[in-house]
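Asker: My structure is in entry20.cif, and what it holds is mmCIF, C-alpha atoms:
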data_work
loop_
_atom_site.label_atom_id
_atom_site.label_comp_id
_atom_site.auth_asym_id
_atom_site.auth_seq_id
_atom_site.Cartn_x
_atom_site.Cartn_y
_atom_site.Cartn_z
CA MET Z 8 125.48 131.97 85.09
CA ALA Z 9 122.63 131.36 82.64
CA GLU Z 10 123.21 129.45 79.43
CA HIS Z 11 123.11 131.50 76.25
CA PHE Z 12 122.02 130.56 72.73
CA ASP Z 13 121.58 132.70 69.66
CA VAL Z 14 118.08 131.28 69.20
CA VAL Z 15 115.80 129.40 71.59
CA VAL Z 16 112.78 127.69 70.04
CA VAL Z 17 109.97 126.62 72.37
CA GLY Z 18 108.14 123.52 71.14
CA ALA Z 19 109.26 120.67 68.86
CA GLY Z 20 106.09 120.29 66.79
CA SER Z 21 105.32 121.06 63.16
CA GLY Z 22 106.42 124.70 63.43
CA GLY Z 23 109.22 124.69 65.98
CA ALA Z 24 111.00 121.61 64.66
CA VAL Z 25 111.25 123.13 61.19
CA VAL Z 26 112.42 126.55 62.38
CA ALA Z 27 115.02 125.16 64.79
CA SER Z 28 116.35 122.62 62.31
CA ARG Z 29 116.70 125.08 59.44
CA LEU Z 30 118.39 127.69 61.66
CA ALA Z 31 120.84 125.05 62.91
CA GLU Z 32 122.03 124.63 59.32
CA GLN Z 33 123.40 128.17 59.43
CA PRO Z 34 127.10 128.19 60.40
CA GLY Z 35 127.89 129.90 63.66
CA VAL Z 36 124.30 130.07 64.93
CA SER Z 37 123.63 128.23 68.21
CA VAL Z 38 120.07 126.90 68.46
CA LEU Z 39 118.32 125.26 71.41
CA LEU Z 40 115.01 123.47 70.86
CA LEU Z 41 113.02 123.07 74.07
CA GLU Z 42 110.22 120.50 74.29
CA ALA Z 43 107.85 120.03 77.21
CA GLY Z 44 107.50 116.31 76.48
CA PRO Z 45 110.06 113.56 75.94
CA ASP Z 46 112.96 113.75 73.51
CA HIS Z 47 114.28 110.69 71.68
CA ARG Z 48 116.28 109.82 68.62
CA VAL Z 49 114.44 108.39 65.63
CA SER Z 50 115.92 104.96 66.34
CA ALA Z 51 114.13 104.99 69.72
CA THR Z 52 110.70 106.00 68.35
CA PRO Z 53 108.00 103.91 70.04
CA HIS Z 54 106.29 101.43 67.71
CA GLY Z 55 102.90 103.00 68.37
CA ILE Z 56 104.17 106.25 66.86
CA SER Z 57 106.25 104.87 64.00
CA GLY Z 58 103.51 102.51 62.79
CA PRO Z 59 100.55 103.19 60.47
CA SER Z 60 97.81 103.51 63.10
CA PHE Z 61 97.04 106.84 64.73
CA HIS Z 62 94.90 104.90 67.22
CA LEU Z 63 98.05 103.38 68.71
CA ALA Z 64 99.99 106.64 68.50
CA LEU Z 65 97.39 108.38 70.63
CA ARG Z 66 97.67 105.64 73.26
CA GLU Z 67 101.44 105.99 73.61
CA PRO Z 68 102.17 107.03 77.24
CA GLY Z 69 103.22 110.64 77.72
CA ARG Z 70 102.59 111.72 74.11
CA GLN Z 71 99.43 113.75 74.81
CA TRP Z 72 98.88 116.64 77.17
CA ALA Z 73 97.12 115.10 80.16
CA ASP Z 74 94.04 116.87 81.50
CA LEU Z 75 93.83 119.44 78.68
CA MET Z 76 90.13 120.22 78.38
CA ALA Z 77 88.17 122.32 75.91
CA THR Z 78 84.57 123.39 75.44
CA ARG Z 79 83.48 122.88 71.84
CA SER Z 80 80.21 124.81 71.83
CA ALA Z 81 77.74 126.52 74.12
CA GLY Z 82 75.87 123.96 76.18
CA GLN Z 83 78.55 121.27 75.94
CA PRO Z 84 80.64 120.37 78.98
CA PRO Z 85 84.42 120.56 78.63
CA ARG Z 86 85.96 117.39 77.20
CA PRO Z 87 89.56 116.27 76.64
CA TYR Z 88 91.31 117.93 73.69
CA LEU Z 89 94.11 116.00 72.04
CA ARG Z 90 97.47 117.76 71.61
CA GLY Z 91 100.74 116.03 70.80
CA ARG Z 92 103.55 116.15 73.34
CA GLY Z 93 107.18 115.21 72.81
CA VAL Z 94 109.48 115.59 69.81
CA GLY Z 95 107.34 115.75 66.69
CA GLY Z 96 104.38 117.28 68.53
CA CYS Z 97 101.08 116.56 66.83
CA SER Z 98 102.88 115.22 63.74
CA ALA Z 99 103.87 112.21 65.88
CA VAL Z 100 100.30 111.30 66.86
CA ASN Z 101 98.00 112.68 64.15
CA ALA Z 102 96.20 110.73 61.43
CA MET Z 103 98.96 111.70 58.97
CA VAL Z 104 96.64 113.26 56.36
CA GLY Z 105 98.79 115.55 54.21
CA LEU Z 106 96.84 118.29 52.41
CA ARG Z 107 97.97 121.75 51.29
CA GLY Z 108 94.61 123.52 51.19
CA VAL Z 109 93.48 125.77 48.36
CA ALA Z 110 95.21 128.78 46.81
CA ALA Z 111 92.51 131.18 47.96
CA ASP Z 112 93.39 130.47 51.60
CA TYR Z 113 96.89 131.88 51.14
CA ASP Z 114 95.80 134.82 49.00
CA GLU Z 115 93.42 135.77 51.80
CA TRP Z 116 96.25 135.99 54.33
CA GLY Z 117 97.67 138.99 52.52
CA VAL Z 118 94.60 140.58 50.91
CA VAL Z 119 92.08 140.22 53.75
CA PHE Z 120 94.21 139.90 56.88
CA GLY Z 121 97.07 142.16 55.85
CA ALA Z 122 99.88 139.66 56.46
CA ASP Z 123 102.64 141.33 54.47
CA GLY Z 124 104.24 139.16 51.81
CA TRP Z 125 101.68 136.37 51.78
CA SER Z 126 99.83 135.06 48.72
CA ALA Z 127 99.21 131.74 47.02
CA ALA Z 128 102.22 132.44 44.81
CA GLU Z 129 104.40 133.05 47.87
CA ALA Z 130 103.20 129.82 49.49
CA GLN Z 131 104.04 127.97 46.29
CA ARG Z 132 107.68 129.04 46.68
CA TRP Z 133 107.96 127.05 49.91
CA TRP Z 134 106.00 123.89 49.18
CA PRO Z 135 108.98 122.24 47.41
CA ARG Z 136 111.03 122.56 50.61
CA VAL Z 137 108.29 120.77 52.52
CA ALA Z 138 107.97 118.09 49.85
CA GLU Z 139 111.68 117.27 49.87
CA ARG Z 140 111.46 116.38 53.58
CA THR Z 141 107.92 115.02 53.86
CA PRO Z 142 106.94 112.01 51.74
CA LEU Z 143 103.28 111.41 50.96
CA HIS Z 144 101.97 107.90 50.36
CA PRO Z 145 98.40 106.59 50.56
CA ALA Z 146 97.73 103.60 52.74
CA PRO Z 147 97.53 100.32 50.81
CA THR Z 148 94.17 98.63 50.50
CA HIS Z 149 95.04 96.03 53.13
CA GLU Z 150 95.15 98.80 55.78
CA ARG Z 151 91.58 99.91 55.04
CA GLY Z 152 88.72 98.93 57.26
CA PRO Z 153 85.23 98.08 55.96
CA LEU Z 154 83.95 101.67 56.13
CA GLY Z 155 86.86 103.16 54.22
CA ALA Z 156 86.69 100.39 51.64
CA ALA Z 157 82.95 100.91 51.17
CA LEU Z 158 83.37 104.68 50.80
CA MET Z 159 85.93 104.12 48.05
CA ALA Z 160 83.68 101.55 46.37
CA ALA Z 161 80.73 103.96 46.40
CA ASP Z 162 82.28 105.81 43.43
CA ILE Z 163 81.30 109.29 44.64
CA GLY Z 164 84.69 110.96 44.53
CA ALA Z 165 86.39 109.59 47.63
CA VAL Z 166 90.13 109.14 47.27
CA ALA Z 167 92.94 107.43 49.11
CA ALA Z 168 94.19 110.08 51.51
CA PRO Z 169 97.80 111.22 51.05
CA LEU Z 170 99.57 110.37 54.29
CA THR Z 171 102.86 111.61 55.75
CA ARG Z 172 104.51 108.21 55.75
CA THR Z 173 107.02 106.15 53.85
CA ALA Z 174 106.01 103.68 51.16
CA ASP Z 175 106.38 100.84 53.67
CA GLY Z 176 104.05 102.49 56.18
CA ARG Z 177 106.36 104.22 58.66
CA ARG Z 178 105.13 107.58 59.95
CA VAL Z 179 107.31 110.55 59.05
CA SER Z 180 106.94 113.15 61.79
CA VAL Z 181 108.97 116.35 61.96
CA ASN Z 182 111.25 114.50 64.37
CA ASP Z 183 112.12 112.15 61.50
CA ALA Z 184 112.16 114.73 58.71
CA TYR Z 185 113.80 117.70 60.43
CA ILE Z 186 115.09 117.24 63.97
CA GLU Z 187 117.06 114.04 63.44
CA PRO Z 188 119.18 115.29 60.52
CA ALA Z 189 119.68 118.66 62.26
CA ARG Z 190 121.26 117.05 65.32
CA SER Z 191 124.38 116.41 63.24
CA SER Z 192 124.40 120.13 62.34
CA GLY Z 193 124.67 121.07 66.00
CA LEU Z 194 121.02 121.49 66.97
CA HIS Z 195 120.61 121.20 70.73
CA VAL Z 196 117.39 119.44 71.77
CA ARG Z 197 116.19 119.32 75.36
CA GLY Z 198 113.09 117.38 76.35
CA ASP Z 199 111.01 117.54 79.53
CA SER Z 200 111.50 121.31 79.55
CA LEU Z 201 108.24 123.13 80.22
CA VAL Z 202 108.57 126.86 79.51
CA ASN Z 203 106.88 129.31 81.82
CA ARG Z 204 107.49 132.63 80.10
CA VAL Z 205 109.61 134.75 77.81
CA LEU Z 206 112.09 137.09 79.49
CA PHE Z 207 112.49 140.66 78.23
CA ASN Z 208 114.93 143.51 78.35
CA GLY Z 209 112.47 146.33 77.73
CA ARG Z 210 110.54 145.18 74.66
CA ARG Z 211 113.29 142.90 73.37
CA ALA Z 212 113.12 139.18 74.09
CA ALA Z 213 116.14 138.13 76.15
CA GLY Z 214 115.48 134.47 76.91
CA VAL Z 215 113.04 132.12 78.63
CA ARG Z 216 112.25 130.98 82.14
CA LEU Z 217 111.34 127.33 82.60
CA ALA Z 218 108.74 125.98 84.99
CA ASP Z 219 111.52 124.86 87.36
CA GLY Z 220 112.72 128.47 87.63
CA SER Z 221 115.88 128.08 85.55
CA GLU Z 222 116.59 130.67 82.88
CA ILE Z 223 118.18 130.49 79.43
CA GLU Z 224 119.37 133.61 77.63
CA ALA Z 225 118.79 134.07 73.92
CA GLY Z 226 119.23 136.67 71.23
CA THR Z 227 115.98 135.53 69.61
CA VAL Z 228 113.06 133.53 71.02
CA VAL Z 229 110.64 131.63 68.80
CA VAL Z 230 107.49 130.39 70.55
CA SER Z 231 106.13 127.31 68.79
CA ALA Z 232 104.10 125.63 71.51
CA GLY Z 233 100.92 125.31 69.44
CA ALA Z 234 97.64 127.17 69.21
CA ILE Z 235 96.69 126.36 72.81
CA HIS Z 236 99.98 126.81 74.65
CA SER Z 237 101.71 129.55 72.62
CA PRO Z 238 99.13 132.19 73.60
CA ALA Z 239 99.34 130.96 77.19
CA ILE Z 240 103.10 131.56 77.20
CA LEU Z 241 102.66 135.03 75.71
CA LEU Z 242 99.96 135.90 78.25
CA ARG Z 243 102.13 134.74 81.15
CA SER Z 244 104.95 136.82 79.66
CA GLY Z 245 102.87 140.02 79.64
CA VAL Z 246 102.78 140.44 75.85
CA ASP Z 247 100.24 143.22 75.45
CA ARG Z 248 98.77 142.55 72.00
CA PRO Z 249 94.97 142.34 72.52
CA GLY Z 250 94.68 139.53 69.97
CA VAL Z 251 96.73 137.06 72.01
CA GLY Z 252 94.51 134.03 72.64
CA GLN Z 253 91.64 135.38 70.53
CA GLY Z 254 90.37 134.02 67.20
CA LEU Z 255 90.60 130.30 68.04
CA GLN Z 256 89.29 128.01 65.29
CA ASP Z 257 88.99 124.32 64.48
CA HIS Z 258 87.11 122.33 61.85
CA PRO Z 259 83.68 121.49 63.30
CA SER Z 260 82.48 117.97 62.58
CA LEU Z 261 79.48 115.81 63.42
CA PRO Z 262 80.29 112.13 63.91
CA ILE Z 263 77.77 109.86 62.21
CA VAL Z 264 78.32 106.62 64.08
CA VAL Z 265 77.67 103.40 62.19
CA ARG Z 266 77.70 99.74 63.11
CA LEU Z 267 79.74 97.62 60.74
CA ARG Z 268 77.94 94.52 59.53
CA ASN Z 269 81.34 92.81 59.47
CA PRO Z 270 84.15 93.97 61.77
CA PRO Z 271 87.58 94.79 60.32
CA GLU Z 272 89.69 91.82 59.36
CA VAL Z 273 92.77 94.00 59.80
CA ARG Z 274 94.26 94.29 63.28
CA ARG Z 275 93.51 97.64 64.86
CA ASP Z 276 97.22 98.49 65.03
CA ARG Z 277 97.41 98.17 61.22
CA LEU Z 278 94.40 100.33 60.40
CA ALA Z 279 95.18 103.69 58.81
CA LEU Z 280 92.90 106.63 58.17
CA SER Z 281 92.91 105.83 54.49
CA VAL Z 282 89.94 107.42 52.71
CA ILE Z 283 88.88 111.04 52.39
CA LEU Z 284 86.01 112.70 50.51
CA GLN Z 285 86.38 116.40 49.73
CA ALA Z 286 83.38 118.38 48.51
CA SER Z 287 82.37 121.92 47.67
CA TRP Z 288 79.26 123.77 48.76
CA ARG Z 289 79.53 127.57 48.81
CA GLU Z 290 83.26 127.68 48.12
CA GLN Z 291 85.94 125.37 46.78
CA LEU Z 292 86.54 122.29 48.94
CA ASP Z 293 84.77 123.79 51.94
CA LEU Z 294 83.50 120.38 53.15
CA GLN Z 295 85.20 117.11 54.02
CA VAL Z 296 84.12 113.61 55.04
CA LEU Z 297 86.49 111.13 56.67
CA ALA Z 298 85.95 107.42 57.22
CA ILE Z 299 87.06 106.35 60.70
CA ASP Z 300 87.22 102.59 61.15
CA ALA Z 301 87.83 101.10 64.61
CA LEU Z 302 86.14 103.97 66.43
CA ASP Z 303 85.95 102.17 69.78
CA PRO Z 304 88.74 99.84 71.00
CA ASP Z 305 86.16 97.87 72.98
CA ASP Z 306 83.72 97.38 70.08
CA PRO Z 307 85.24 96.52 66.68
CA HIS Z 308 81.84 96.94 65.01
CA LEU Z 309 81.70 100.72 65.65
CA ALA Z 310 82.96 103.17 63.02
CA ALA Z 311 82.03 106.70 61.94
CA LEU Z 312 81.75 108.99 58.99
CA MET Z 313 83.03 112.43 59.99
CA PRO Z 314 81.48 115.23 57.90
CA ALA Z 315 83.24 118.51 58.64
CA VAL Z 316 83.29 122.19 57.72
CA MET Z 317 86.62 123.26 56.24
CA ARG Z 318 85.80 126.95 55.64
CA VAL Z 319 85.05 128.19 59.15
CA GLU Z 320 83.63 131.51 60.41
CA SER Z 321 83.13 131.01 64.17
CA ARG Z 322 85.94 131.93 66.54
CA GLY Z 323 86.68 131.19 70.16
CA TRP Z 324 89.43 132.04 72.62
CA VAL Z 325 92.16 130.82 74.96
CA THR Z 326 92.62 132.52 78.34
CA LEU Z 327 94.71 131.83 81.43
CA ARG Z 328 93.17 130.05 84.39
CA SER Z 329 96.36 130.41 86.41
CA ALA Z 330 99.83 131.91 86.13
CA ASP Z 331 101.19 128.43 86.89
CA PRO Z 332 102.55 126.91 83.63
CA ALA Z 333 101.49 123.46 84.83
CA VAL Z 334 97.84 124.56 84.75
CA HIS Z 335 96.29 124.36 81.30
CA PRO Z 336 94.53 127.45 79.95
CA GLN Z 337 90.79 127.82 79.52
CA VAL Z 338 89.90 126.75 75.96
CA GLU Z 339 86.59 127.81 74.40
CA PHE Z 340 86.18 126.94 70.72
CA ASN Z 341 82.72 128.48 70.29
CA LEU Z 342 82.07 126.11 67.37
CA LEU Z 343 78.96 126.76 65.27
CA HIS Z 344 78.36 130.16 66.86
CA ASP Z 345 78.10 131.61 63.36
CA GLU Z 346 74.98 130.49 61.50
CA ALA Z 347 77.03 130.01 58.33
CA ASP Z 348 78.94 127.20 60.04
CA ARG Z 349 75.74 125.47 61.09
CA ASP Z 350 74.45 125.64 57.51
CA ALA Z 351 77.76 124.35 56.21
CA LEU Z 352 77.83 121.45 58.66
CA ARG Z 353 74.35 120.42 57.56
CA ALA Z 354 75.62 120.51 53.96
CA ALA Z 355 78.54 118.28 54.96
CA VAL Z 356 76.12 115.89 56.65
CA ARG Z 357 74.11 115.73 53.41
CA VAL Z 358 77.28 114.72 51.56
CA ALA Z 359 77.79 111.94 54.12
CA GLU Z 360 74.14 110.91 53.80
CA GLU Z 361 74.50 110.64 50.03
CA ALA Z 362 77.40 108.30 50.61
CA LEU Z 363 75.44 106.28 53.15
CA ALA Z 364 72.60 105.89 50.64
CA THR Z 365 74.82 104.11 48.11
CA SER Z 366 74.59 100.36 47.79
CA ALA Z 367 78.21 99.95 48.87
CA LEU Z 368 77.62 101.71 52.20
CA ARG Z 369 74.19 100.19 52.80
CA ALA Z 370 75.71 96.75 52.49
CA ALA Z 371 78.51 97.58 54.89
CA VAL Z 372 76.92 99.54 57.74
CA GLU Z 373 73.89 100.24 59.86
CA VAL Z 374 73.54 103.95 60.70
CA LEU Z 375 72.90 104.88 64.33
CA PRO Z 376 70.67 107.87 65.21
CA TYR Z 377 71.98 111.45 64.98
CA ARG Z 378 70.44 114.94 64.92
CA THR Z 379 70.96 117.95 62.63
CA ASP Z 380 68.65 120.54 64.23
CA ASP Z 381 70.41 123.45 65.95
CA GLU Z 382 70.38 121.79 69.36
CA GLY Z 383 71.51 118.48 67.91
CA LEU Z 384 74.40 120.15 66.14
CA ARG Z 385 75.50 122.10 69.21
CA SER Z 386 75.33 119.08 71.50
CA GLY Z 387 76.94 116.69 69.02
CA VAL Z 388 79.58 118.84 67.32
CA GLY Z 389 83.15 117.69 67.60
CA ASP Z 390 86.43 118.90 66.16
CA TYR Z 391 89.24 117.72 63.91
CA VAL Z 392 91.92 118.60 66.51
CA HIS Z 393 93.10 121.39 64.20
CA ALA Z 394 93.36 124.34 66.60
CA THR Z 395 94.60 127.54 64.93
CA SER Z 396 94.62 131.33 64.87
CA THR Z 397 95.21 132.39 68.49
CA CYS Z 398 98.30 134.50 67.59
CA ARG Z 399 97.25 135.30 64.09
CA MET Z 400 99.20 137.07 61.37
CA GLY Z 401 98.12 140.49 60.18
CA SER Z 402 99.05 144.12 59.73
CA ASP Z 403 100.73 146.21 62.41
CA ASP Z 404 97.65 148.40 62.82
CA ASP Z 405 95.22 145.49 63.28
CA PRO Z 406 94.58 145.03 67.02
CA LYS Z 407 93.55 141.41 66.41
CA ALA Z 408 96.92 140.60 64.83
CA VAL Z 409 99.72 139.30 67.05
CA VAL Z 410 102.47 138.70 64.48
CA ASP Z 411 103.36 140.19 61.11
CA GLY Z 412 103.78 138.24 57.88
CA ALA Z 413 107.24 137.10 58.98
CA CYS Z 414 105.81 135.78 62.28
CA ARG Z 415 107.48 138.52 64.35
CA VAL Z 416 105.42 139.63 67.36
CA ILE Z 417 104.24 143.15 66.61
CA GLY Z 418 105.73 145.78 68.92
CA TYR Z 419 108.57 143.56 70.18
CA ASP Z 420 112.09 142.76 69.03
CA GLY Z 421 113.64 139.32 68.94
CA LEU Z 422 110.34 137.50 69.54
CA LEU Z 423 108.50 135.34 67.02
CA VAL Z 424 105.64 132.86 67.06
CA CYS Z 425 105.58 130.07 64.50
CA ASP Z 426 102.98 127.31 64.68
CA ALA Z 427 99.29 126.85 63.87
CA SER Z 428 98.41 129.80 66.10
CA VAL Z 429 99.68 132.28 63.47
CA LEU Z 430 97.39 131.06 60.68
CA PRO Z 431 94.83 133.87 60.22
CA ARG Z 432 92.06 131.35 59.56
CA VAL Z 433 92.00 127.57 59.80
CA PRO Z 434 92.84 126.44 56.24
CA ARG Z 435 90.82 124.10 54.07
CA ALA Z 436 93.25 121.33 54.91
CA ASN Z 437 94.53 119.26 57.77
CA THR Z 438 96.93 121.70 59.39
CA HIS Z 439 100.29 119.89 59.55
CA LEU Z 440 101.55 120.67 56.04
CA PRO Z 441 100.43 124.34 56.04
CA VAL Z 442 102.26 124.88 59.33
CA THR Z 443 105.48 123.30 58.05
CA MET Z 444 105.28 125.50 54.95
CA VAL Z 445 104.90 128.66 57.07
CA ALA Z 446 107.79 127.49 59.24
CA GLU Z 447 110.04 126.98 56.22
CA ARG Z 448 109.45 130.58 55.17
CA THR Z 449 109.80 131.93 58.71
CA ALA Z 450 113.11 130.13 59.17
CA ALA Z 451 114.48 131.44 55.88
CA LEU Z 452 113.56 135.04 56.67
CA LEU Z 453 114.97 134.79 60.18
CA SER Z 454 118.18 133.24 58.83
CA GLU Z 455 118.60 136.23 56.51
CA ARG Z 456 118.19 138.65 59.42
CA LEU Z 457 120.66 136.72 61.58
CA SER Z 458 123.20 136.68 58.75
CA ALA Z 459 122.81 140.42 58.29
CA GLY Z 460 123.45 140.96 61.99
#
Write out the structure in this file as structure tokens.
Answerer:
Amino acid sequence: MAEHFDVVVVGAGSGGAVVASRLAEQPGVSVLLLEAGPDHRVSATPHGISGPSFHLALREPGRQWADLMATRSAGQPPRPYLRGRGVGGCSAVNAMVGLRGVAADYDEWGVVFGADGWSAAEAQRWWPRVAERTPLHPAPTHERGPLGAALMAADIGAVAAPLTRTADGRRVSVNDAYIEPARSSGLHVRGDSLVNRVLFNGRRAAGVRLADGSEIEAGTVVVSAGAIHSPAILLRSGVDRPGVGQGLQDHPSLPIVVRLRNPPEVRRDRLALSVILQASWREQLDLQVLAIDALDPDDPHLAALMPAVMRVESRGWVTLRSADPAVHPQVEFNLLHDEADRDALRAAVRVAEEALATSALRAAVEVLPYRTDDEGLRSGVGDYVHATSTCRMGSDDDPKAVVDGACRVIGYDGLLVCDASVLPRVPRANTHLPVTMVAERTAALLSERLSAG
């Protein structure tokens, strides 16, 4: 006989962890959180994840999806795409930058995309709930490498990046902030549980089938496997919204590699991504430049400035390559397809070049060659690992929309999606905090419906 839970949440990242944990606070509601990667208590968090360096977090065994490949732009070969795996998801391995974005992003969700109930004012209602669980502290100066220190010293508006960490430098992932306290409220967490598909009774979600063939019944299913794997689950499940897997976005960036005249004095495992420069071109804060020290573990002299486009027009797609859940989907970002994004990336590069022209940067680095013509941009463009928008929110009559403003899959009962895939457009921010904010709202609305019966 199959197990039964009131709610099954698929994926323990920035969206799923929040939804599952908040629902578990509701008396009488049984919640199971399934995670494809490992589960562990906070006390057993590996040092590479709990520490200040995202370099070490990314090297932690089993905490990335192996063999996940993505094509960034036309003419580029597929390359590995980093996605967090295990409790905490990407919040356990990211660079910890905590930004909310700009108000216009959230107004657009309702006005332009038709996501009912959304506006900047509505988002503002939920930010305090995120803030009470997620501390933000900049890295101290002793965790800065030479490039970050020089960018701050250049006096051109760079700031110490707010990071999702404690004052003493410990990462705060959603495993720390949400899952751990919810375990005492009765949240069931099950790691190493790869989900194949959602099960249906007609057009009502009835549970999930795992890759090993076992089934779990549920009154409500929330898919929170991220912008790459959530659409794959829906496609394997036969969800017939045409927008599933379409609309993929990320922040395009062009690494400007530099050689440090003096390598970092700080050990690589103590280096944080500490300095960020935000700039405006056509719209508010539509550009960003990051300083990445310790770019190459084999060469401590290599670092990079990462100019990026934060207001993105180009869209790609995620499609199935196989019905086997162990086979990753085809991921095509289609970065810089829209000419506006190419123009914006050149503008971001100019911001980086202005920084590199300052005496502080000239004294610290030697700039290696790079190209900004169309071919150079297409061949050199990278990403910020901020995949979004493959199950995007919108109105019921929009064929590109997959979920409504409450993250319910349009045309189905008892099925929701809540992760970065539902964001209608990649926000002008690193995506972790916006996703947790959406998840706080989604959980509250779902709790109300469950209470009402």
Asker: Got a sec: who's within 10 Å of His47 (chain Z), counting all atoms listed in the file, leaving out chain neighbours fewer than 4 positions off, as a ChimeraX atom specification?
Answerer: /Z:51-53,93-95,182,187,196-198
Asker: Within 8 Å of Ala286 (chain Z), counting all atoms listed in the file, which residues qualify if same-chain residues fewer than 5 places away don't, as a PDB file with C-alpha atoms, keeping the file's coordinate frame?
Answerer:
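Result saved to out.pdb:
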ATOM      1  CA  GLN Z 291      85.940 125.370  46.780  1.00  0.00           C
ATOM      2  CA  LEU Z 292      86.540 122.290  48.940  1.00  0.00           C
ATOM      3  CA  ASP Z 293      84.770 123.790  51.940  1.00  0.00           C
ATOM      4  CA  LEU Z 294      83.500 120.380  53.150  1.00  0.00           C
ATOM      5  CA  GLN Z 295      85.200 117.110  54.020  1.00  0.00           C
ATOM      6  CA  VAL Z 358      77.280 114.720  51.560  1.00  0.00           C
TER       7      VAL Z 358
END
Asker: Under the PyMOL selection byres ((chain Z and resi 289) around 12), which residues of this model are included? Write them out as a ChimeraX atom specification.
Answerer: /Z:286-288,290-294,316-319,347-348,350-352,354-355
Asker: Set the distance at 6 Å and use all atoms listed in the file: which residues neighbour region 23-32 of chain Z once local chain neighbours fewer than 6 positions away are removed? I'd like the list as JSON, numbers by chain.
Answerer: {"Z": [38, 185, 186, 189, 192, 194, 231, 446, 450]}
Asker: Where does the PyMOL selection byres ((chain Z and resi 170) around 10) land in this file, that is, which residues does it pick, as a PDB file with C-alpha atoms, in the frame of the given file?
Answerer:
ATOM      1  CA  PRO Z  59     100.550 103.190  60.470  1.00  0.00           C
ATOM      2  CA  ALA Z 102      96.200 110.730  61.430  1.00  0.00           C
ATOM      3  CA  MET Z 103      98.960 111.700  58.970  1.00  0.00           C
ATOM      4  CA  VAL Z 104      96.640 113.260  56.360  1.00  0.00           C
ATOM      5  CA  GLY Z 105      98.790 115.550  54.210  1.00  0.00           C
ATOM      6  CA  LEU Z 106      96.840 118.290  52.410  1.00  0.00           C
ATOM      7  CA  THR Z 141     107.920 115.020  53.860  1.00  0.00           C
ATOM      8  CA  PRO Z 142     106.940 112.010  51.740  1.00  0.00           C
ATOM      9  CA  LEU Z 143     103.280 111.410  50.960  1.00  0.00           C
ATOM     10  CA  HIS Z 144     101.970 107.900  50.360  1.00  0.00           C
ATOM     11  CA  PRO Z 145      98.400 106.590  50.560  1.00  0.00           C
ATOM     12  CA  ALA Z 146      97.730 103.600  52.740  1.00  0.00           C
ATOM     13  CA  ALA Z 167      92.940 107.430  49.110  1.00  0.00           C
ATOM     14  CA  ALA Z 168      94.190 110.080  51.510  1.00  0.00           C
ATOM     15  CA  PRO Z 169      97.800 111.220  51.050  1.00  0.00           C
ATOM     16  CA  THR Z 171     102.860 111.610  55.750  1.00  0.00           C
ATOM     17  CA  ARG Z 172     104.510 108.210  55.750  1.00  0.00           C
ATOM     18  CA  THR Z 173     107.020 106.150  53.850  1.00  0.00           C
ATOM     19  CA  ALA Z 174     106.010 103.680  51.160  1.00  0.00           C
ATOM     20  CA  GLY Z 176     104.050 102.490  56.180  1.00  0.00           C
ATOM     21  CA  ARG Z 178     105.130 107.580  59.950  1.00  0.00           C
ATOM     22  CA  VAL Z 179     107.310 110.550  59.050  1.00  0.00           C
ATOM     23  CA  ALA Z 279      95.180 103.690  58.810  1.00  0.00           C
ATOM     24  CA  LEU Z 280      92.900 106.630  58.170  1.00  0.00           C
ATOM     25  CA  SER Z 281      92.910 105.830  54.490  1.00  0.00           C
TER      26      SER Z 281
END
Asker: Z:Val388, Z:Ile263, Z:Leu457, Z:Ala77: which is nearest Ala311 (chain Z), counting all atoms listed in the file?
Answerer: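 Looking only at the distances to Ala311 (chain Z), the closest residue turns out to be Z:Ile263.
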Asker: In Å, how far is it from CA of Val100 (chain Z) to CA of Leu342 (chain Z)?
Answerer: 23.5 Å
Asker: From the options Z:Asp162, Z:Glu10, Z:Glu455, Z:Glu320, which residue's atoms come nearest to Glu222 (chain Z), counting all atoms listed in the file?
Answerer: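 Closest to Glu222 (chain Z) of all the choices is Z:Glu10.
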Asker: Report the residues retrieved by the PyMOL selection byres ((chain Z and resi 133) around 10) from the displayed file, expressed as a PyMOL selection string.
Answerer: chain Z and resi 128-132+134-138+443-448+451
Asker: What would the file look like if the residues just selected were written as a CSV table (one decimal), in the coordinates of the input with C-alpha atoms?
Answerer:
chain,number,residue,atom,x,y,z
Z,128,ALA,CA,102.2,132.4,44.8
Z,129,GLU,CA,104.4,133.0,47.9
Z,130,ALA,CA,103.2,129.8,49.5
Z,131,GLN,CA,104.0,128.0,46.3
Z,132,ARG,CA,107.7,129.0,46.7
Z,134,TRP,CA,106.0,123.9,49.2
Z,135,PRO,CA,109.0,122.2,47.4
Z,136,ARG,CA,111.0,122.6,50.6
Z,137,VAL,CA,108.3,120.8,52.5
Z,138,ALA,CA,108.0,118.1,49.8
Z,443,THR,CA,105.5,123.3,58.0
Z,444,MET,CA,105.3,125.5,55.0
Z,445,VAL,CA,104.9,128.7,57.1
Z,446,ALA,CA,107.8,127.5,59.2
Z,447,GLU,CA,110.0,127.0,56.2
Z,448,ARG,CA,109.4,130.6,55.2
Z,451,ALA,CA,114.5,131.4,55.9
Asker: Wanna dump the region 85-150 of chain Z-region 409-415 of chain Z contacts at 9 Å for me, each residue with its shortest atom pair and the distance in Å to one decimal, counting all atoms listed in the file, ordered by chain and number, as CSV?
Answerer:
residue,atom,partner,partner_atom,distance
Z:Trp116,CA,Z:Gly412,CA,8.6
Z:Gly117,CA,Z:Gly412,CA,8.2
Z:Gly121,CA,Z:Gly412,CA,8.0
Z:Ala122,CA,Z:Gly412,CA,4.4
Z:Asp123,CA,Z:Gly412,CA,4.7
Z:Gly124,CA,Z:Gly412,CA,6.2
Z:Trp125,CA,Z:Gly412,CA,6.7
